[in-house]
$ cat protein.json   # JSON, C-alpha atoms and all ligand atoms
[["chain", "number", "residue", "atom", "x", "y", "z"],
["A", 14, "MET", "CA", 145.78, 121.37, 130.21],
["A", 15, "GLU", "CA", 144.16, 118.12, 129.24],
["A", 16, "ASN", "CA", 146.31, 115.06, 128.89],
["A", 17, "GLN", "CA", 145.63, 112.54, 126.20],
["A", 18, "LYS", "CA", 147.44, 109.33, 125.40],
["A", 19, "CYS", "CA", 147.57, 107.03, 122.45],
["A", 20, "PRO", "CA", 145.20, 104.13, 123.31],
["A", 21, "ILE", "CA", 147.70, 101.58, 121.97],
["A", 22, "CYS", "CA", 151.18, 102.54, 123.21],
["A", 23, "HIS", "CA", 150.14, 105.16, 125.82],
["A", 24, "LYS", "CA", 152.51, 107.74, 124.48],
["A", 25, "GLY", "CA", 151.31, 111.32, 125.03],
["A", 26, "VAL", "CA", 149.53, 112.88, 122.05],
["A", 27, "ALA", "CA", 148.02, 116.31, 121.40],
["A", 28, "TYR", "CA", 144.69, 116.71, 123.12],
["A", 29, "SER", "CA", 141.67, 116.33, 120.86],
["A", 30, "GLU", "CA", 138.16, 116.81, 122.09],
["A", 31, "ARG", "CA", 136.79, 115.41, 118.84],
["A", 32, "TYR", "CA", 139.00, 112.32, 118.71],
["A", 33, "PRO", "CA", 139.56, 111.14, 122.29],
["A", 34, "ASN", "CA", 140.85, 107.73, 121.18],
["A", 35, "TYR", "CA", 143.01, 108.55, 118.21],
["A", 36, "LEU", "CA", 146.24, 106.68, 117.62],
["A", 37, "CYS", "CA", 149.66, 108.29, 117.50],
["A", 38, "GLY", "CA", 151.55, 108.32, 114.21],
["A", 39, "ASP", "CA", 153.75, 105.36, 115.15],
["A", 40, "CYS", "CA", 150.74, 103.15, 115.84],
["A", 41, "VAL", "CA", 148.92, 104.24, 112.68],
["A", 42, "HIS", "CA", 151.92, 102.85, 110.78],
["A", 43, "LYS", "CA", 151.49, 99.48, 112.51],
["A", 44, "ALA", "CA", 147.94, 98.96, 111.19],
["A", 45, "THR", "CA", 147.24, 95.53, 109.70],
["A", 46, "ASP", "CA", 144.25, 93.50, 108.60],
["A", 47, "TRP", "CA", 143.02, 90.65, 110.79],
["A", 48, "GLU", "CA", 145.65, 88.34, 109.32],
["A", 49, "GLY", "CA", 148.51, 90.70, 110.09],
["A", 50, "ARG", "CA", 149.13, 92.15, 106.62],
["A", 51, "ALA", "CA", 150.08, 95.81, 106.74],
["A", 52, "VAL", "CA", 147.45, 98.22, 105.46],
["A", 53, "VAL", "CA", 147.56, 101.95, 104.88],
["A", 54, "PHE", "CA", 144.65, 104.38, 104.68],
["A", 55, "TYR", "CA", 144.50, 107.56, 102.67],
["A", 56, "ASN", "CA", 142.06, 110.17, 101.42],
["A", 57, "THR", "CA", 140.35, 109.30, 98.18],
["A", 58, "ALA", "CA", 140.04, 112.88, 96.94],
["A", 59, "ILE", "CA", 142.43, 115.79, 96.74],
["A", 60, "SER", "CA", 139.91, 117.82, 98.70],
["A", 61, "GLY", "CA", 140.68, 115.55, 101.63],
["A", 62, "HIS", "CA", 137.37, 113.74, 101.72],
["A", 63, "GLY", "CA", 136.76, 110.04, 101.73],
["A", 64, "CYS", "CA", 138.86, 107.30, 103.24],
["A", 65, "ALA", "CA", 140.16, 104.18, 101.52],
["A", 66, "GLY", "CA", 142.73, 101.58, 102.35],
["A", 67, "GLU", "CA", 145.20, 99.39, 100.54],
["A", 68, "TYR", "CA", 147.76, 96.74, 101.37],
["A", 69, "ARG", "CA", 151.22, 98.14, 101.83],
["A", 70, "ASP", "CA", 152.94, 95.19, 100.13],
["A", 71, "SER", "CA", 150.85, 94.86, 96.97],
["A", 72, "GLY", "CA", 148.85, 98.08, 96.67],
["A", 73, "GLU", "CA", 145.74, 95.89, 96.45],
["A", 74, "LYS", "CA", 142.56, 97.55, 97.63],
["A", 75, "TYR", "CA", 141.64, 96.89, 101.24],
["A", 76, "HIS", "CA", 137.91, 96.79, 101.84],
["A", 77, "GLY", "CA", 136.52, 98.52, 104.86],
["A", 78, "ASN", "CA", 137.92, 100.89, 107.45],
["A", 79, "SER", "CA", 138.59, 98.36, 110.19],
["A", 80, "CYS", "CA", 142.12, 97.35, 111.07],
["A", 81, "TYR", "CA", 144.20, 96.02, 113.93],
["A", 82, "VAL", "CA", 147.12, 97.52, 115.78],
["A", 83, "GLU", "CA", 148.92, 95.24, 118.24],
["A", 84, "GLY", "CA", 145.86, 93.00, 118.06],
["A", 85, "ILE", "CA", 143.49, 95.80, 119.09],
["A", 86, "ALA", "CA", 140.58, 96.64, 116.79],
["A", 87, "CYS", "CA", 140.78, 100.13, 115.30],
["A", 88, "GLU", "CA", 138.98, 102.06, 112.65],
["A", 89, "ALA", "CA", 140.25, 104.62, 110.14],
["A", 90, "ARG", "CA", 138.13, 107.45, 108.84],
["A", 91, "GLU", "CA", 138.49, 110.80, 107.26],
["A", 92, "ALA", "CA", 139.30, 113.57, 109.65],
["A", 93, "ARG", "CA", 137.08, 116.62, 109.80],
["A", 94, "PHE", "CA", 139.70, 118.89, 108.28],
["A", 95, "GLY", "CA", 141.27, 116.39, 105.89],
["A", 96, "GLY", "CA", 143.69, 113.58, 106.41],
["A", 97, "ILE", "CA", 142.97, 110.30, 108.14],
["A", 98, "VAL", "CA", 142.34, 109.71, 111.78],
["A", 99, "MET", "CA", 142.57, 106.24, 113.27],
["A", 100, "GLU", "CA", 140.79, 105.45, 116.49],
["A", 101, "ARG", "CA", 140.58, 102.50, 118.81],
["A", 102, "VAL", "CA", 137.18, 100.79, 118.64],
["A", 103, "GLN", "CA", 135.56, 100.78, 122.06],
["B", 1, "ZN", "ZN", 150.76, 104.88, 119.81]]
$ encode --input "protein.json" --output "structure tokens" --more "lines below"
Ligand SMILES: [Zn+2]
Amino acid sequence: MENQKCPICHKGVAYSERYPNYLCGDCVHKATDWEGRAVVFYNTAISGHGCAGEYRDSGEKYHGNSCYVEGIACEAREARFGGIVMERVQ
């Protein structure tokens, strides 16, 4: 059994060979831009492809896939089988 931890809060997460640095759900919800405004990422198509972000407070489009969680640079992208995966940037 492989052990994997969220790279931000170090809580145990399900092992993923493909995404060794993915964030747990709690940390994904803490994502902000570089100024600390909360952002949320979602799939742009019903098929589950594409990844876009917007500001939680205004719904304004957020450009790019980069974000910060607890001051640590992370990046959101579409997961292989749909949904969004957020990973810590090395
Ligand atoms: Zn976490």
$ residues_near_ligand --input "protein.json" --ligand "ligand ZN 1 (chain B)" --cutoff "12 Å" --atoms "all atoms listed in the file" --output "list in words"
Gln17, Lys18, Cys19, Pro20, Ile21, Cys22, His23, Lys24, Gly25, Val26, Ala27, Asn34, Tyr35, Leu36, Cys37, Gly38, Asp39, Cys40, Val41, His42, Lys43, Ala44, Val82, Glu83, Ile85, Cys87, Met99, Glu100 and Arg101 of chain A
$ write_last_selection --input "protein.json" --atoms "C-alpha atoms" --output "PDB file, in the coordinates of the input"
ATOM      1  CA  GLN A  17     145.630 112.540 126.200  1.00  0.00           C
ATOM      2  CA  LYS A  18     147.440 109.330 125.400  1.00  0.00           C
ATOM      3  CA  CYS A  19     147.570 107.030 122.450  1.00  0.00           C
ATOM      4  CA  PRO A  20     145.200 104.130 123.310  1.00  0.00           C
ATOM      5  CA  ILE A  21     147.700 101.580 121.970  1.00  0.00           C
ATOM      6  CA  CYS A  22     151.180 102.540 123.210  1.00  0.00           C
ATOM      7  CA  HIS A  23     150.140 105.160 125.820  1.00  0.00           C
ATOM      8  CA  LYS A  24     152.510 107.740 124.480  1.00  0.00           C
ATOM      9  CA  GLY A  25     151.310 111.320 125.030  1.00  0.00           C
ATOM     10  CA  VAL A  26     149.530 112.880 122.050  1.00  0.00           C
ATOM     11  CA  ALA A  27     148.020 116.310 121.400  1.00  0.00           C
ATOM     12  CA  ASN A  34     140.850 107.730 121.180  1.00  0.00           C
ATOM     13  CA  TYR A  35     143.010 108.550 118.210  1.00  0.00           C
ATOM     14  CA  LEU A  36     146.240 106.680 117.620  1.00  0.00           C
ATOM     15  CA  CYS A  37     149.660 108.290 117.500  1.00  0.00           C
ATOM     16  CA  GLY A  38     151.550 108.320 114.210  1.00  0.00           C
ATOM     17  CA  ASP A  39     153.750 105.360 115.150  1.00  0.00           C
ATOM     18  CA  CYS A  40     150.740 103.150 115.840  1.00  0.00           C
ATOM     19  CA  VAL A  41     148.920 104.240 112.680  1.00  0.00           C
ATOM     20  CA  HIS A  42     151.920 102.850 110.780  1.00  0.00           C
ATOM     21  CA  LYS A  43     151.490  99.480 112.510  1.00  0.00           C
ATOM     22  CA  ALA A  44     147.940  98.960 111.190  1.00  0.00           C
ATOM     23  CA  VAL A  82     147.120  97.520 115.780  1.00  0.00           C
ATOM     24  CA  GLU A  83     148.920  95.240 118.240  1.00  0.00           C
ATOM     25  CA  ILE A  85     143.490  95.800 119.090  1.00  0.00           C
ATOM     26  CA  CYS A  87     140.780 100.130 115.300  1.00  0.00           C
ATOM     27  CA  MET A  99     142.570 106.240 113.270  1.00  0.00           C
ATOM     28  CA  GLU A 100     140.790 105.450 116.490  1.00  0.00           C
ATOM     29  CA  ARG A 101     140.580 102.500 118.810  1.00  0.00           C
TER      30      ARG A 101
END
$ atom_distance --input "protein.json" --atom1 "atom CA of Glu91 of chain A" --atom2 "atom CA of Tyr55 of chain A"
8.2 Å
$ closest_residue --input "protein.json" --among "A:Gln103, A:Ser71, A:Phe54, A:Arg93" --to "Arg31 of chain A" --atoms "only C-alpha atoms"
A:Arg93
$ atom_distance --input "protein.json" --atom1 "atom CA of Tyr81 of chain A" --atom2 "atom CA of Thr45 of chain A"
5.2 Å
$ closest_residue --input "protein.json" --among "A:Asp46, A:Glu73, A:Thr57, A:Ala51" --to "Glu88 of chain A" --atoms "all atoms listed in the file"
A:Asp46
$ closest_residue --input "protein.json" --among "A:Gly63, A:Gly84, A:Gly72, A:Pro33" --to "Glu48 of chain A" --atoms "only C-alpha atoms"
A:Gly84
$ atom_distance --input "protein.json" --atom1 "atom CA of Tyr75 of chain A" --atom2 "atom CA of Ser29 of chain A"
27.6 Å
$ decode --input "protein.json" --residues "segment 52-101 of chain A" --atoms "N, CA and C atoms" --output "PDB file, in the first residue's frame"
ATOM      1  N   VAL A  52     -10.563  31.747  -5.666  1.00  0.00           N
ATOM      2  CA  VAL A  52     -10.879  31.353  -7.032  1.00  0.00           C
ATOM      3  C   VAL A  52     -11.334  29.895  -7.035  1.00  0.00           C
ATOM      4  N   VAL A  53     -12.129  29.575  -8.023  1.00  0.00           N
ATOM      5  CA  VAL A  53     -12.628  28.208  -8.158  1.00  0.00           C
ATOM      6  C   VAL A  53     -12.439  27.783  -9.607  1.00  0.00           C
ATOM      7  N   PHE A  54     -12.071  26.543  -9.805  1.00  0.00           N
ATOM      8  CA  PHE A  54     -11.841  26.019 -11.158  1.00  0.00           C
ATOM      9  C   PHE A  54     -12.892  24.973 -11.483  1.00  0.00           C
ATOM     10  N   TYR A  55     -13.238  24.912 -12.738  1.00  0.00           N
ATOM     11  CA  TYR A  55     -14.263  23.961 -13.155  1.00  0.00           C
ATOM     12  C   TYR A  55     -14.018  23.547 -14.598  1.00  0.00           C
ATOM     13  N   ASN A  56     -14.671  22.503 -15.019  1.00  0.00           N
ATOM     14  CA  ASN A  56     -14.570  22.054 -16.410  1.00  0.00           C
ATOM     15  C   ASN A  56     -15.389  22.979 -17.295  1.00  0.00           C
ATOM     16  N   THR A  57     -14.868  23.248 -18.474  1.00  0.00           N
ATOM     17  CA  THR A  57     -15.558  24.160 -19.383  1.00  0.00           C
ATOM     18  C   THR A  57     -16.585  23.456 -20.256  1.00  0.00           C
ATOM     19  N   ALA A  58     -16.529  22.138 -20.317  1.00  0.00           N
ATOM     20  CA  ALA A  58     -17.479  21.409 -21.171  1.00  0.00           C
ATOM     21  C   ALA A  58     -18.130  20.293 -20.371  1.00  0.00           C
ATOM     22  N   ILE A  59     -19.334  19.952 -20.765  1.00  0.00           N
ATOM     23  CA  ILE A  59     -20.069  18.888 -20.074  1.00  0.00           C
ATOM     24  C   ILE A  59     -19.327  17.562 -20.185  1.00  0.00           C
ATOM     25  N   SER A  60     -18.586  17.405 -21.267  1.00  0.00           N
ATOM     26  CA  SER A  60     -17.820  16.181 -21.463  1.00  0.00           C
ATOM     27  C   SER A  60     -16.690  16.045 -20.443  1.00  0.00           C
ATOM     28  N   GLY A  61     -16.451  17.122 -19.683  1.00  0.00           N
ATOM     29  CA  GLY A  61     -15.410  17.040 -18.668  1.00  0.00           C
ATOM     30  C   GLY A  61     -14.048  17.461 -19.162  1.00  0.00           C
ATOM     31  N   HIS A  62     -14.009  18.147 -20.297  1.00  0.00           N
ATOM     32  CA  HIS A  62     -12.716  18.586 -20.816  1.00  0.00           C
ATOM     33  C   HIS A  62     -12.572  20.092 -20.685  1.00  0.00           C
ATOM     34  N   GLY A  63     -11.357  20.516 -20.546  1.00  0.00           N
ATOM     35  CA  GLY A  63     -11.084  21.932 -20.410  1.00  0.00           C
ATOM     36  C   GLY A  63     -11.138  22.342 -18.959  1.00  0.00           C
ATOM     37  N   CYS A  64     -10.410  23.392 -18.629  1.00  0.00           N
ATOM     38  CA  CYS A  64     -10.347  23.848 -17.252  1.00  0.00           C
ATOM     39  C   CYS A  64     -10.346  25.372 -17.269  1.00  0.00           C
ATOM     40  N   ALA A  65     -11.250  25.965 -16.526  1.00  0.00           N
ATOM     41  CA  ALA A  65     -11.303  27.422 -16.446  1.00  0.00           C
ATOM     42  C   ALA A  65     -11.536  27.807 -14.993  1.00  0.00           C
ATOM     43  N   GLY A  66     -11.218  29.049 -14.694  1.00  0.00           N
ATOM     44  CA  GLY A  66     -11.393  29.493 -13.320  1.00  0.00           C
ATOM     45  C   GLY A  66     -12.194  30.778 -13.251  1.00  0.00           C
ATOM     46  N   GLU A  67     -12.768  31.016 -12.079  1.00  0.00           N
ATOM     47  CA  GLU A  67     -13.443  32.289 -11.856  1.00  0.00           C
ATOM     48  C   GLU A  67     -13.323  32.655 -10.374  1.00  0.00           C
ATOM     49  N   TYR A  68     -13.550  33.953 -10.111  1.00  0.00           N
ATOM     50  CA  TYR A  68     -13.496  34.412  -8.729  1.00  0.00           C
ATOM     51  C   TYR A  68     -14.764  33.988  -8.018  1.00  0.00           C
ATOM     52  N   ARG A  69     -14.603  33.466  -6.826  1.00  0.00           N
ATOM     53  CA  ARG A  69     -15.752  33.016  -6.053  1.00  0.00           C
ATOM     54  C   ARG A  69     -16.701  34.164  -5.708  1.00  0.00           C
ATOM     55  N   ASP A  70     -16.159  35.334  -5.388  1.00  0.00           N
ATOM     56  CA  ASP A  70     -17.012  36.438  -4.938  1.00  0.00           C
ATOM     57  C   ASP A  70     -17.815  37.075  -6.063  1.00  0.00           C
ATOM     58  N   SER A  71     -17.213  37.264  -7.229  1.00  0.00           N
ATOM     59  CA  SER A  71     -17.893  38.009  -8.293  1.00  0.00           C
ATOM     60  C   SER A  71     -18.290  37.167  -9.501  1.00  0.00           C
ATOM     61  N   GLY A  72     -17.726  35.969  -9.631  1.00  0.00           N
ATOM     62  CA  GLY A  72     -17.987  35.156 -10.809  1.00  0.00           C
ATOM     63  C   GLY A  72     -17.207  35.625 -12.023  1.00  0.00           C
ATOM     64  N   GLU A  73     -16.359  36.626 -11.818  1.00  0.00           N
ATOM     65  CA  GLU A  73     -15.508  37.182 -12.876  1.00  0.00           C
ATOM     66  C   GLU A  73     -14.517  36.110 -13.329  1.00  0.00           C
ATOM     67  N   LYS A  74     -14.214  36.121 -14.616  1.00  0.00           N
ATOM     68  CA  LYS A  74     -13.290  35.118 -15.141  1.00  0.00           C
ATOM     69  C   LYS A  74     -11.890  35.294 -14.552  1.00  0.00           C
ATOM     70  N   TYR A  75     -11.296  34.200 -14.205  1.00  0.00           N
ATOM     71  CA  TYR A  75      -9.923  34.204 -13.695  1.00  0.00           C
ATOM     72  C   TYR A  75      -9.044  33.635 -14.798  1.00  0.00           C
ATOM     73  N   HIS A  76      -8.030  34.401 -15.178  1.00  0.00           N
ATOM     74  CA  HIS A  76      -7.192  33.964 -16.291  1.00  0.00           C
ATOM     75  C   HIS A  76      -6.032  33.107 -15.815  1.00  0.00           C
ATOM     76  N   GLY A  77      -5.877  31.988 -16.453  1.00  0.00           N
ATOM     77  CA  GLY A  77      -4.767  31.108 -16.112  1.00  0.00           C
ATOM     78  C   GLY A  77      -5.182  30.001 -15.165  1.00  0.00           C
ATOM     79  N   ASN A  78      -4.294  29.063 -14.973  1.00  0.00           N
ATOM     80  CA  ASN A  78      -4.563  27.912 -14.117  1.00  0.00           C
ATOM     81  C   ASN A  78      -3.768  27.954 -12.823  1.00  0.00           C
ATOM     82  N   SER A  79      -2.978  29.010 -12.643  1.00  0.00           N
ATOM     83  CA  SER A  79      -2.152  29.091 -11.450  1.00  0.00           C
ATOM     84  C   SER A  79      -2.947  29.663 -10.289  1.00  0.00           C
ATOM     85  N   CYS A  80      -2.647  29.194  -9.098  1.00  0.00           N
ATOM     86  CA  CYS A  80      -3.316  29.717  -7.914  1.00  0.00           C
ATOM     87  C   CYS A  80      -2.413  29.480  -6.716  1.00  0.00           C
ATOM     88  N   TYR A  81      -2.864  29.944  -5.572  1.00  0.00           N
ATOM     89  CA  TYR A  81      -2.081  29.781  -4.349  1.00  0.00           C
ATOM     90  C   TYR A  81      -2.949  29.174  -3.257  1.00  0.00           C
ATOM     91  N   VAL A  82      -2.354  28.292  -2.496  1.00  0.00           N
ATOM     92  CA  VAL A  82      -3.041  27.708  -1.350  1.00  0.00           C
ATOM     93  C   VAL A  82      -2.069  27.819  -0.183  1.00  0.00           C
ATOM     94  N   GLU A  83      -2.470  28.571   0.844  1.00  0.00           N
ATOM     95  CA  GLU A  83      -1.593  28.800   1.999  1.00  0.00           C
ATOM     96  C   GLU A  83      -0.259  29.387   1.543  1.00  0.00           C
ATOM     97  N   GLY A  84      -0.306  30.202   0.490  1.00  0.00           N
ATOM     98  CA  GLY A  84       0.906  30.850   0.001  1.00  0.00           C
ATOM     99  C   GLY A  84       1.791  29.974  -0.863  1.00  0.00           C
ATOM    100  N   ILE A  85       1.344  28.756  -1.152  1.00  0.00           N
ATOM    101  CA  ILE A  85       2.130  27.826  -1.968  1.00  0.00           C
ATOM    102  C   ILE A  85       1.544  27.797  -3.378  1.00  0.00           C
ATOM    103  N   ALA A  86       2.419  27.925  -4.377  1.00  0.00           N
ATOM    104  CA  ALA A  86       1.963  27.953  -5.765  1.00  0.00           C
ATOM    105  C   ALA A  86       1.415  26.599  -6.189  1.00  0.00           C
ATOM    106  N   CYS A  87       0.227  26.625  -6.788  1.00  0.00           N
ATOM    107  CA  CYS A  87      -0.421  25.403  -7.265  1.00  0.00           C
ATOM    108  C   CYS A  87      -0.966  25.662  -8.658  1.00  0.00           C
ATOM    109  N   GLU A  88      -1.357  24.594  -9.293  1.00  0.00           N
ATOM    110  CA  GLU A  88      -1.884  24.712 -10.640  1.00  0.00           C
ATOM    111  C   GLU A  88      -3.068  23.761 -10.804  1.00  0.00           C
ATOM    112  N   ALA A  89      -4.139  24.275 -11.402  1.00  0.00           N
ATOM    113  CA  ALA A  89      -5.322  23.450 -11.649  1.00  0.00           C
ATOM    114  C   ALA A  89      -5.322  23.013 -13.100  1.00  0.00           C
ATOM    115  N   ARG A  90      -5.750  21.808 -13.337  1.00  0.00           N
ATOM    116  CA  ARG A  90      -5.933  21.367 -14.732  1.00  0.00           C
ATOM    117  C   ARG A  90      -6.989  20.279 -14.783  1.00  0.00           C
ATOM    118  N   GLU A  91      -7.395  19.998 -15.991  1.00  0.00           N
ATOM    119  CA  GLU A  91      -8.433  18.986 -16.124  1.00  0.00           C
ATOM    120  C   GLU A  91      -7.834  17.619 -15.832  1.00  0.00           C
ATOM    121  N   ALA A  92      -8.591  16.843 -15.116  1.00  0.00           N
ATOM    122  CA  ALA A  92      -8.146  15.494 -14.803  1.00  0.00           C
ATOM    123  C   ALA A  92      -8.402  14.589 -16.000  1.00  0.00           C
ATOM    124  N   ARG A  93      -7.652  13.533 -16.072  1.00  0.00           N
ATOM    125  CA  ARG A  93      -7.734  12.606 -17.209  1.00  0.00           C
ATOM    126  C   ARG A  93      -9.146  12.076 -17.430  1.00  0.00           C
ATOM    127  N   PHE A  94      -9.851  11.796 -16.364  1.00  0.00           N
ATOM    128  CA  PHE A  94     -11.189  11.233 -16.517  1.00  0.00           C
ATOM    129  C   PHE A  94     -12.274  12.212 -16.109  1.00  0.00           C
ATOM    130  N   GLY A  95     -12.017  13.504 -16.343  1.00  0.00           N
ATOM    131  CA  GLY A  95     -13.006  14.520 -16.014  1.00  0.00           C
ATOM    132  C   GLY A  95     -12.765  15.092 -14.636  1.00  0.00           C
ATOM    133  N   GLY A  96     -13.356  16.230 -14.394  1.00  0.00           N
ATOM    134  CA  GLY A  96     -13.142  16.918 -13.130  1.00  0.00           C
ATOM    135  C   GLY A  96     -11.850  17.704 -13.176  1.00  0.00           C
ATOM    136  N   ILE A  97     -11.526  18.308 -12.049  1.00  0.00           N
ATOM    137  CA  ILE A  97     -10.353  19.166 -11.956  1.00  0.00           C
ATOM    138  C   ILE A  97      -9.403  18.578 -10.929  1.00  0.00           C
ATOM    139  N   VAL A  98      -8.146  18.586 -11.257  1.00  0.00           N
ATOM    140  CA  VAL A  98      -7.151  18.175 -10.282  1.00  0.00           C
ATOM    141  C   VAL A  98      -6.250  19.379 -10.035  1.00  0.00           C
ATOM    142  N   MET A  99      -5.926  19.612  -8.773  1.00  0.00           N
ATOM    143  CA  MET A  99      -5.044  20.725  -8.436  1.00  0.00           C
ATOM    144  C   MET A  99      -3.782  20.147  -7.822  1.00  0.00           C
ATOM    145  N   GLU A 100      -2.638  20.604  -8.346  1.00  0.00           N
ATOM    146  CA  GLU A 100      -1.377  20.072  -7.861  1.00  0.00           C
ATOM    147  C   GLU A 100      -0.442  21.188  -7.412  1.00  0.00           C
ATOM    148  N   ARG A 101       0.392  20.853  -6.466  1.00  0.00           N
ATOM    149  CA  ARG A 101       1.409  21.784  -6.028  1.00  0.00           C
ATOM    150  C   ARG A 101       2.452  21.896  -7.144  1.00  0.00           C
TER     151      ARG A 101
END
